[in-house]
$ cat run_5.txt   # compact mmCIF, C-alpha atoms
# COMPACT_ATOMS: atom_id res chain seq x y z
CA PRO M 155 9.69 16.81 98.91
CA ASN M 156 6.04 17.53 99.70
CA ASN M 157 5.96 20.84 97.83
CA ASN M 158 4.74 20.07 94.31
CA ASP M 159 5.24 23.69 93.22
CA VAL M 160 8.97 23.41 93.92
CA LEU M 161 9.15 20.01 92.22
CA ARG M 162 7.40 21.50 89.16
CA ASP M 163 9.92 24.36 89.06
CA ILE M 164 12.87 21.98 89.25
CA ARG M 165 11.25 19.77 86.60
CA ARG M 166 10.79 22.80 84.33
CA HIS M 167 14.51 23.63 84.60
CA PHE M 168 15.43 20.11 83.56
CA HIS M 169 12.95 20.40 80.68
CA THR M 170 14.88 23.48 79.56
CA PHE M 171 18.19 21.59 79.75
CA LYS M 172 16.64 18.81 77.71
CA GLY M 173 15.40 21.08 74.95
CA ASN M 174 18.37 23.42 74.80
CA GLY M 175 20.90 20.60 75.06
CA ARG M 176 19.31 18.76 72.17
CA ALA M 177 18.94 21.96 70.15
CA VAL M 178 22.69 22.69 70.23
CA GLY M 179 23.86 19.11 69.86
CA ALA M 180 24.83 18.68 73.52
CA ASN M 181 23.23 15.26 73.55
CA ILE M 182 24.49 14.16 76.95
CA LEU M 183 23.03 17.30 78.53
CA GLY M 184 19.79 16.75 76.66
CA GLU M 185 19.50 13.13 77.76
CA LEU M 186 20.39 13.98 81.35
CA GLY M 187 17.74 16.70 81.29
CA TRP M 188 15.21 14.24 79.88
CA ALA M 189 16.01 11.58 82.51
CA ALA M 190 15.72 14.04 85.39
CA GLN M 191 12.52 15.53 83.96
CA ASP M 192 11.01 12.07 83.52
CA MET M 193 11.92 11.10 87.08
CA LEU M 194 10.32 14.28 88.45
CA ASP M 195 7.25 13.80 86.24
CA ARG M 196 6.81 10.33 87.74
CA SER M 197 7.21 11.78 91.21
CA LEU M 198 4.61 14.48 90.52
CA ASP M 199 2.27 11.81 89.12
CA GLY M 200 2.65 9.79 92.33
CA ASP M 201 4.54 6.90 90.72
CA LEU M 202 7.74 7.72 92.65
CA VAL M 203 8.00 8.94 96.21
CA PRO M 204 10.10 12.11 96.51
CA ASP M 205 12.11 10.56 99.31
CA SER M 206 15.66 11.27 100.43
CA GLN M 207 17.11 9.01 97.71
CA LEU M 208 15.36 10.95 94.95
CA GLN M 209 16.43 14.23 96.55
CA HIS M 210 20.02 13.00 96.72
CA LEU M 211 19.95 11.93 93.07
CA VAL M 212 18.61 15.32 91.96
CA SER M 213 21.31 17.00 94.04
CA GLU M 214 24.00 14.84 92.41
CA VAL M 215 22.71 15.69 88.94
CA VAL M 216 22.68 19.40 89.74
CA SER M 217 26.23 19.16 91.12
CA ALA M 218 27.41 17.47 87.92
CA LEU M 219 25.91 20.07 85.57
CA PRO M 220 28.62 22.78 85.69
CA GLU M 221 31.40 20.36 84.74
CA LEU M 222 29.24 18.79 82.05
CA VAL M 223 28.45 22.22 80.58
CA ARG M 224 32.15 23.15 80.65
CA SER M 225 33.00 19.98 78.73
CA TYR M 226 31.20 21.41 75.69
CA SER M 227 33.31 24.56 75.49

$ encode --input "run_5.txt" --output "structure tokens"
Amino acid sequence: PNNNDVLRDIRRHFHTFKGNGRAVGANILGELGWAAQDMLDRSLDGDLVPDSQLQHLVSEVVSALPELVRSYS
């Protein structure tokens, strides 16, 4: 949680999900990517503390991604 380089990398991956999801019409993926990116942006800006709750939420989102991606096939 105190490593901004790692947070930036994770944020960049969600940015990619946002853009690619929207580009192919996978709107739920795009919106989920946007929400996670926004949350991490706010954490990097110091508006949110990257505490255990935020870490758990990011983990839950990452865990949900494979099933969500499969739902578009």

$ closest_residue --input "run_5.txt" --among "M:Ser197, M:Val215, M:Gln207, M:Asn156" --to "Phe168 in chain M" --atoms "only C-alpha atoms"
M:Val215

$ atom_distance --input "run_5.txt" --atom1 "CA of Val160 in chain M" --atom2 "CA of Met193 in chain M"
14.4 Å

$ closest_residue --input "run_5.txt" --among "M:Glu185, M:Asp199, M:Asp192, M:Glu221" --to "Asn158 in chain M" --atoms "all atoms listed in the file"
M:Asp199

$ atom_distance --input "run_5.txt" --atom1 "CA of Val223 in chain M" --atom2 "CA of Asp205 in chain M"
27.5 Å

$ residues_around --input "run_5.txt" --residues "Trp188 in chain M" --least-positions-apart "3" --cutoff "10 Å" --atoms "all atoms listed in the file" --output "PyMOL selection string"
chain M and resi 165+168-173+175-176+182-185+191-194

$ closest_residue --input "run_5.txt" --among "M:Leu202, M:Asn174, M:Leu161, M:Val212" --to "Ala189 in chain M" --atoms "all atoms listed in the file"
M:Val212

$ atom_distance --input "run_5.txt" --atom1 "CA of Ser225 in chain M" --atom2 "CA of Gly187 in chain M"
15.8 Å

$ closest_residue --input "run_5.txt" --among "M:Ser227, M:Asp163, M:Gly179, M:Ala190" --to "Glu214 in chain M" --atoms "only C-alpha atoms"
M:Ala190

$ closest_residue --input "run_5.txt" --among "M:Ile164, M:His210, M:Asp201, M:Leu219" --to "Leu186 in chain M" --atoms "all atoms listed in the file"
M:Leu219
